[in-house]
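**Q** Got a file for you: work_21.csv, CSV, C-alpha atoms.
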```
chain,number,residue,atom,x,y,z
A,1,MET,CA,-35.2,26.0,64.8
A,2,THR,CA,-33.0,23.5,66.6
A,3,ILE,CA,-30.2,22.0,64.5
A,4,ARG,CA,-30.8,18.2,64.0
A,5,ALA,CA,-28.2,17.4,61.4
A,6,VAL,CA,-24.8,18.4,60.3
A,7,GLY,CA,-23.3,18.1,56.9
A,8,PHE,CA,-19.6,18.4,56.1
A,9,ASP,CA,-17.4,19.2,53.2
A,10,LEU,CA,-14.3,16.9,53.0
A,11,ASP,CA,-11.3,18.6,51.5
A,12,TYR,CA,-9.6,21.3,53.5
A,13,THR,CA,-12.4,20.9,56.1
A,14,LEU,CA,-12.0,17.5,57.6
A,15,ALA,CA,-8.9,16.3,55.7
A,16,VAL,CA,-5.9,18.2,54.4
A,17,PRO,CA,-3.0,17.3,52.2
A,18,THR,CA,0.5,17.4,53.7
A,19,ARG,CA,1.8,18.8,50.4
A,20,ASP,CA,0.2,21.6,48.5
A,21,ARG,CA,-2.0,20.5,45.6
A,22,ALA,CA,0.0,22.3,43.0
A,23,THR,CA,3.1,20.2,43.9
A,24,ILE,CA,1.0,17.0,43.9
A,25,LEU,CA,-0.3,17.9,40.5
A,26,ARG,CA,3.2,18.6,39.2
A,27,ASP,CA,4.5,15.3,40.6
A,28,ALA,CA,1.6,13.3,39.2
A,29,ALA,CA,2.0,14.8,35.7
A,30,THR,CA,5.8,14.0,35.8
A,31,ASP,CA,5.1,10.4,36.9
A,32,ALA,CA,2.6,10.0,34.0
A,33,GLY,CA,4.9,11.6,31.4
A,34,ALA,CA,2.5,14.5,31.0
A,35,PRO,CA,3.5,18.1,30.2
A,36,PRO,CA,3.3,20.7,33.1
A,37,LEU,CA,-0.3,21.3,34.2
A,38,SER,CA,-1.6,24.5,35.8
A,39,ARG,CA,-3.4,24.2,39.2
A,40,ASP,CA,-5.8,26.9,38.2
A,41,ALA,CA,-6.6,25.1,34.9
A,42,TYR,CA,-7.1,22.0,36.9
A,43,LEU,CA,-9.6,23.7,39.2
A,44,ASP,CA,-11.6,25.0,36.2
A,45,ALA,CA,-11.7,21.6,34.6
A,46,HIS,CA,-12.6,19.9,37.9
A,47,GLN,CA,-15.6,22.2,38.3
A,48,GLN,CA,-16.8,21.1,34.8
A,49,HIS,CA,-16.7,17.5,35.8
A,50,LEU,CA,-18.1,17.2,39.3
A,51,THR,CA,-20.5,14.4,38.4
A,52,GLN,CA,-18.1,12.1,36.6
A,53,GLU,CA,-17.0,8.6,37.6
A,54,THR,CA,-13.3,9.4,37.6
A,55,ARG,CA,-10.9,12.3,37.1
A,56,THR,CA,-10.0,11.1,33.6
A,57,PRO,CA,-12.3,13.6,31.9
A,58,ILE,CA,-10.6,16.4,33.9
A,59,PHE,CA,-7.2,15.4,32.6
A,60,ARG,CA,-8.6,14.9,29.1
A,61,THR,CA,-9.8,18.5,29.2
A,62,LEU,CA,-6.4,19.7,30.5
A,63,LEU,CA,-4.4,17.7,27.8
A,64,ASP,CA,-6.7,18.6,24.9
A,65,GLY,CA,-4.8,20.6,22.4
A,66,ARG,CA,-1.4,19.9,24.1
A,67,GLU,CA,1.3,18.3,22.1
A,68,SER,CA,1.3,15.1,24.2
A,69,ASP,CA,0.2,11.5,23.8
A,70,THR,CA,-0.2,11.0,27.5
A,71,ASP,CA,-3.1,8.9,28.5
A,72,PRO,CA,-5.5,11.1,30.7
A,73,ALA,CA,-6.4,8.0,32.7
A,74,ALA,CA,-2.7,7.5,33.6
A,75,VAL,CA,-2.5,11.1,34.9
A,76,ALA,CA,-5.7,10.6,36.9
A,77,THR,CA,-4.4,7.4,38.5
A,78,ALA,CA,-1.0,9.1,39.4
A,79,TYR,CA,-2.8,12.1,40.9
A,80,ARG,CA,-5.2,9.9,42.9
A,81,GLU,CA,-2.2,7.9,44.3
A,82,HIS,CA,-0.3,11.1,45.2
A,83,ILE,CA,-3.4,12.5,46.9
A,84,ALA,CA,-3.9,9.3,48.9
A,85,ASP,CA,-0.3,9.4,50.0
A,86,ALA,CA,-0.5,13.0,51.2
A,87,LEU,CA,-4.1,13.2,52.7
A,88,VAL,CA,-4.4,13.3,56.5
A,89,PRO,CA,-7.4,14.0,58.8
A,90,ILE,CA,-7.6,16.9,61.1
A,91,ASP,CA,-6.6,16.0,64.6
A,92,ASN,CA,-9.1,13.7,66.4
A,93,ALA,CA,-11.5,13.8,63.5
A,94,ALA,CA,-12.7,10.2,63.9
A,95,GLN,CA,-13.6,10.6,67.6
A,96,PHE,CA,-15.1,14.0,66.8
A,97,LEU,CA,-17.4,12.6,64.2
A,98,ALA,CA,-18.4,9.7,66.4
A,99,GLU,CA,-19.3,12.0,69.2
A,100,LEU,CA,-21.3,14.3,67.0
A,101,ARG,CA,-23.3,11.3,65.8
A,102,GLY,CA,-24.5,10.8,69.3
A,103,GLN,CA,-26.4,14.0,69.1
A,104,TYR,CA,-26.9,14.8,65.4
A,105,THR,CA,-27.4,13.0,62.1
A,106,VAL,CA,-24.0,13.5,60.4
A,107,GLY,CA,-23.5,13.6,56.7
A,108,LEU,CA,-20.9,14.3,54.1
A,109,LEU,CA,-21.3,16.1,50.8
A,110,THR,CA,-18.1,16.3,48.8
A,111,ASN,CA,-17.5,17.6,45.3
A,112,GLY,CA,-15.6,15.4,42.9
A,113,PRO,CA,-15.6,12.2,40.7
A,114,ARG,CA,-16.9,9.1,42.5
A,115,VAL,CA,-13.7,7.0,42.4
A,116,ALA,CA,-11.5,9.9,43.6
A,117,GLN,CA,-13.6,10.9,46.6
A,118,ARG,CA,-14.5,7.3,47.6
A,119,ASP,CA,-10.8,6.5,47.5
A,120,LYS,CA,-10.2,9.4,49.9
A,121,LEU,CA,-12.7,8.0,52.3
A,122,ASP,CA,-11.2,4.6,52.1
A,123,THR,CA,-7.7,6.0,52.6
A,124,LEU,CA,-8.9,7.9,55.7
A,125,GLY,CA,-10.8,4.8,57.0
A,126,TRP,CA,-14.0,6.8,57.0
A,127,ASN,CA,-16.3,4.5,55.0
A,128,ASP,CA,-18.5,4.2,58.1
A,129,ALA,CA,-17.8,7.6,59.7
A,130,PHE,CA,-21.0,9.3,58.6
A,131,ASP,CA,-24.6,8.4,58.7
A,132,VAL,CA,-24.8,9.6,55.0
A,133,ALA,CA,-21.8,10.1,52.6
A,134,LEU,CA,-22.6,11.7,49.3
A,135,VAL,CA,-20.1,12.2,46.4
A,136,THR,CA,-21.2,14.5,43.6
A,137,GLY,CA,-19.9,12.0,41.1
A,138,GLU,CA,-22.9,9.9,42.1
A,139,LEU,CA,-25.3,12.9,41.9
A,140,PRO,CA,-26.9,14.9,39.0
A,141,ALA,CA,-25.2,18.1,40.2
A,142,GLY,CA,-22.3,19.3,42.3
A,143,LYS,CA,-22.0,22.1,44.9
A,144,PRO,CA,-23.0,24.9,44.8
A,145,ASN,CA,-26.0,23.7,42.8
A,146,PHE,CA,-29.2,23.5,44.9
A,147,ALA,CA,-29.8,19.9,43.7
A,148,ALA,CA,-26.6,18.7,45.5
A,149,PHE,CA,-27.8,20.1,48.8
A,150,GLU,CA,-31.3,18.8,48.2
A,151,ALA,CA,-29.8,15.4,47.8
A,152,LEU,CA,-28.0,15.8,51.2
A,153,LEU,CA,-31.2,16.9,52.9
A,154,ASP,CA,-33.2,14.0,51.4
A,155,ALA,CA,-30.5,11.5,52.6
A,156,LEU,CA,-30.4,13.1,56.1
A,157,GLY,CA,-34.1,13.3,56.4
A,158,THR,CA,-34.1,16.8,57.7
A,159,ASP,CA,-35.3,20.2,56.6
A,160,ALA,CA,-32.8,22.8,55.5
A,161,ALA,CA,-33.4,25.2,58.4
A,162,GLU,CA,-32.5,22.4,60.9
A,163,THR,CA,-29.4,21.4,59.0
A,164,ALA,CA,-26.0,23.0,59.4
A,165,TYR,CA,-23.4,22.6,56.7
A,166,VAL,CA,-19.7,23.0,57.5
A,167,GLY,CA,-17.1,23.8,54.8
A,168,ASP,CA,-14.4,26.1,53.7
A,169,ASP,CA,-15.2,27.2,50.1
A,170,VAL,CA,-17.1,30.4,50.0
A,171,ASP,CA,-18.9,29.6,46.7
A,172,ALA,CA,-19.4,25.8,46.8
A,173,ASP,CA,-20.0,25.4,50.5
A,174,ILE,CA,-21.1,28.7,52.1
A,175,GLY,CA,-22.9,30.2,49.2
A,176,GLY,CA,-24.4,26.9,48.1
A,177,ALA,CA,-25.6,26.0,51.6
A,178,ALA,CA,-27.0,29.5,52.2
A,179,ASN,CA,-28.9,29.5,48.9
A,180,ALA,CA,-30.4,26.1,49.7
A,181,GLY,CA,-31.6,27.3,53.1
A,182,LEU,CA,-29.1,25.4,55.2
A,183,VAL,CA,-27.2,27.0,58.1
A,184,PRO,CA,-23.6,27.5,56.8
A,185,ILE,CA,-20.6,27.4,59.1
A,186,GLN,CA,-17.3,28.4,57.5
A,187,VAL,CA,-14.0,26.7,58.3
A,188,VAL,CA,-11.2,29.3,58.1
A,189,PHE,CA,-7.5,28.8,58.1
A,190,ASP,CA,-4.3,30.5,57.0
A,191,GLY,CA,-4.1,30.8,53.3
A,192,GLY,CA,-7.8,30.0,52.9
A,193,PRO,CA,-10.7,32.2,51.9
A,194,ASP,CA,-11.6,35.3,53.9
A,195,PRO,CA,-14.6,34.9,56.3
A,196,ASP,CA,-17.8,35.2,54.3
A,197,PRO,CA,-20.7,37.2,55.8
A,198,ARG,CA,-23.3,34.6,54.6
A,199,ALA,CA,-21.9,32.1,57.2
A,200,ALA,CA,-23.8,31.9,60.5
A,201,ALA,CA,-20.5,31.3,62.2
A,202,HIS,CA,-16.8,31.1,61.4
A,203,VAL,CA,-14.5,28.5,63.1
A,204,GLU,CA,-10.8,28.1,62.8
A,205,ARG,CA,-9.9,24.7,61.3
A,206,ASP,CA,-7.5,24.0,64.1
A,207,GLU,CA,-10.3,24.7,66.6
A,208,LEU,CA,-13.1,22.8,64.7
A,209,VAL,CA,-13.1,19.7,66.9
A,210,ARG,CA,-13.2,21.8,70.1
A,211,ARG,CA,-15.5,24.6,69.1
A,212,LEU,CA,-18.1,23.2,66.7
A,213,PRO,CA,-20.3,21.5,69.3
A,214,SER,CA,-20.8,24.7,71.2
A,215,VAL,CA,-21.4,26.6,67.9
A,216,LEU,CA,-24.1,24.1,67.0
A,217,ASP,CA,-25.7,24.5,70.4
A,218,SER,CA,-25.8,28.2,70.0
A,219,LEU,CA,-27.6,28.2,66.6
```
Turn the structure described in the file into structure tokens.
**A**
Amino acid sequence: MTIRAVGFDLDYTLAVPTRDRATILRDAATDAGAPPLSRDAYLDAHQQHLTQETRTPIFRTLLDGRESDTDPAAVATAYREHIADALVPIDNAAQFLAELRGQYTVGLLTNGPRVAQRDKLDTLGWNDAFDVALVTGELPAGKPNFAAFEALLDALGTDAAETAYVGDDVDADIGGAANAGLVPIQVVFDGGPDPDPRAAAHVERDELVRRLPSVLDSL
């Protein structure tokens, strides 16, 4: 079946931080007067709160039981500000998305609280870069849950088999898209996950803008 629509992940696929996230987390915790916070613990807490309004519940979970009177909302705000300061798009992303929209319906499905992810889109100037932009903080479930991908398909108005999904995370993006019947395309990069056999194609992130159109044509 011909591909009619393309969905994208956001973080580490179309936009990347100029500083590693562990450093950003450390700096945000310091600014907010919080004790040191583990990046692995943050990721676990983040996964528990994919459908929240803000990151405050994430940091409440991280600070629970710690000897600290730090306001979780203050850490969430500091972290959001540091992320915004460090986030940059991949090269030529805006033109790339605009050109794709000339041939496909183009969507975004990104995991995370509403305020955090919408702030990233605002920072990048991408509020109008997609035909459809979904944040799991506005949905009943996050990736890799089938319901998140079903919401994307409903918004795009396409069937799963005619919809490609481009992302880097082997569980949330590749596994989730494959289980929902979409055509997964894995973005790979140094330090990222190994290529996953469930992906229909693998594209180096540095080559995504150049190679993805031909990959989509070949599916």
**Q** Which residue out of A:Leu139, A:Val115, A:Val106, A:Leu182 has the minimum interatomic distance to A:Leu219 when all atoms listed in the file are used?
**A**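 That would be A:Leu182, the residue with the smallest distance to A:Leu219.
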**Q** Find the distance between atom CA of A:Thr136 and atom CA of A:Gly112 and write it in Å to one decimal.
**A**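 Here the two named atoms are 5.7 Å from each other.
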**Q** Which one is closest to A:Thr13: A:Leu62, A:Ala148, A:Val187, A:Val203? Count only C-alpha atoms.
**A**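 With only C-alpha atoms as the atom set, the closest residue is A:Val187.
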**Q** Pick from A:Ala200, A:Val132, A:Ala172, A:Ile83: nearest to A:Ile185, with all atoms listed in the file counted?
**A** A:Ala200
**Q** Quick one: of A:Asp196, A:Glu138, A:Glu162, A:Glu53, who's nearest to A:Val183, counting all atoms listed in the file?
**A**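 The shortest atom-to-atom distance to A:Val183 comes from A:Glu162.
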**Q** Name all residues at most 7 Å from A:Thr54 (count only C-alpha atoms; drop same-chain ones fewer than 5 positions away) and give them as an MDAnalysis selection string.
**A** chainID A and resid 113:116
**Q** Pick out the closest residue to A:Arg4 from this set: A:Leu100, A:Ala22, A:Val75, A:Ala34. Count all atoms listed in the file.
**A**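 Checking each of A:Leu100, A:Ala22, A:Val75, A:Ala34 against A:Arg4, counting all atoms listed in the file, the winner is A:Leu100.
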**Q** If you measure from atom CA of A:Asp27 to atom CA of A:Pro89, what distance in Å do you get, rounded to one decimal?
**A** 21.8 Å
**Q** With N, CA, C and O atoms as the goal, would you fill in the gaps in stretch 121-132 of chain A and present it as a PDB file, keeping the file's coordinate frame?
**A**
```
ATOM      1  N   LEU A 121     -12.082   8.544  51.141  1.00  0.00           N
ATOM      2  CA  LEU A 121     -12.700   8.000  52.300  1.00  0.00           C
ATOM      3  C   LEU A 121     -12.140   6.682  52.748  1.00  0.00           C
ATOM      4  O   LEU A 121     -11.969   6.413  53.946  1.00  0.00           O
ATOM      5  N   ASP A 122     -11.803   5.863  51.773  1.00  0.00           N
ATOM      6  CA  ASP A 122     -11.200   4.600  52.100  1.00  0.00           C
ATOM      7  C   ASP A 122      -9.794   4.785  52.678  1.00  0.00           C
ATOM      8  O   ASP A 122      -9.416   4.128  53.657  1.00  0.00           O
ATOM      9  N   THR A 123      -9.031   5.721  52.107  1.00  0.00           N
ATOM     10  CA  THR A 123      -7.700   6.000  52.600  1.00  0.00           C
ATOM     11  C   THR A 123      -7.759   6.506  54.069  1.00  0.00           C
ATOM     12  O   THR A 123      -6.920   6.131  54.906  1.00  0.00           O
ATOM     13  N   LEU A 124      -8.740   7.319  54.369  1.00  0.00           N
ATOM     14  CA  LEU A 124      -8.900   7.900  55.700  1.00  0.00           C
ATOM     15  C   LEU A 124      -9.533   6.876  56.686  1.00  0.00           C
ATOM     16  O   LEU A 124      -9.547   7.115  57.902  1.00  0.00           O
ATOM     17  N   GLY A 125     -10.075   5.768  56.166  1.00  0.00           N
ATOM     18  CA  GLY A 125     -10.800   4.800  57.000  1.00  0.00           C
ATOM     19  C   GLY A 125     -12.135   5.322  57.461  1.00  0.00           C
ATOM     20  O   GLY A 125     -12.620   4.957  58.536  1.00  0.00           O
ATOM     21  N   TRP A 126     -12.766   6.125  56.618  1.00  0.00           N
ATOM     22  CA  TRP A 126     -14.000   6.800  57.000  1.00  0.00           C
ATOM     23  C   TRP A 126     -15.231   6.280  56.219  1.00  0.00           C
ATOM     24  O   TRP A 126     -16.234   6.976  56.092  1.00  0.00           O
ATOM     25  N   ASN A 127     -15.191   5.062  55.736  1.00  0.00           N
ATOM     26  CA  ASN A 127     -16.300   4.500  55.000  1.00  0.00           C
ATOM     27  C   ASN A 127     -17.586   4.443  55.871  1.00  0.00           C
ATOM     28  O   ASN A 127     -18.710   4.487  55.352  1.00  0.00           O
ATOM     29  N   ASP A 128     -17.395   4.322  57.173  1.00  0.00           N
ATOM     30  CA  ASP A 128     -18.500   4.200  58.100  1.00  0.00           C
ATOM     31  C   ASP A 128     -18.551   5.388  59.086  1.00  0.00           C
ATOM     32  O   ASP A 128     -19.197   5.301  60.133  1.00  0.00           O
ATOM     33  N   ALA A 129     -17.875   6.481  58.774  1.00  0.00           N
ATOM     34  CA  ALA A 129     -17.800   7.600  59.700  1.00  0.00           C
ATOM     35  C   ALA A 129     -18.960   8.519  59.718  1.00  0.00           C
ATOM     36  O   ALA A 129     -19.116   9.329  60.637  1.00  0.00           O
ATOM     37  N   PHE A 130     -19.816   8.403  58.703  1.00  0.00           N
ATOM     38  CA  PHE A 130     -21.000   9.300  58.600  1.00  0.00           C
ATOM     39  C   PHE A 130     -22.249   8.475  58.454  1.00  0.00           C
ATOM     40  O   PHE A 130     -22.231   7.335  57.991  1.00  0.00           O
ATOM     41  N   ASP A 131     -23.335   9.075  58.871  1.00  0.00           N
ATOM     42  CA  ASP A 131     -24.600   8.400  58.700  1.00  0.00           C
ATOM     43  C   ASP A 131     -24.967   8.405  57.172  1.00  0.00           C
ATOM     44  O   ASP A 131     -25.606   7.466  56.686  1.00  0.00           O
ATOM     45  N   VAL A 132     -24.525   9.436  56.469  1.00  0.00           N
ATOM     46  CA  VAL A 132     -24.800   9.600  55.000  1.00  0.00           C
ATOM     47  C   VAL A 132     -23.501  10.162  54.410  1.00  0.00           C
ATOM     48  O   VAL A 132     -22.957  11.134  54.942  1.00  0.00           O
TER      49      VAL A 132
END
```
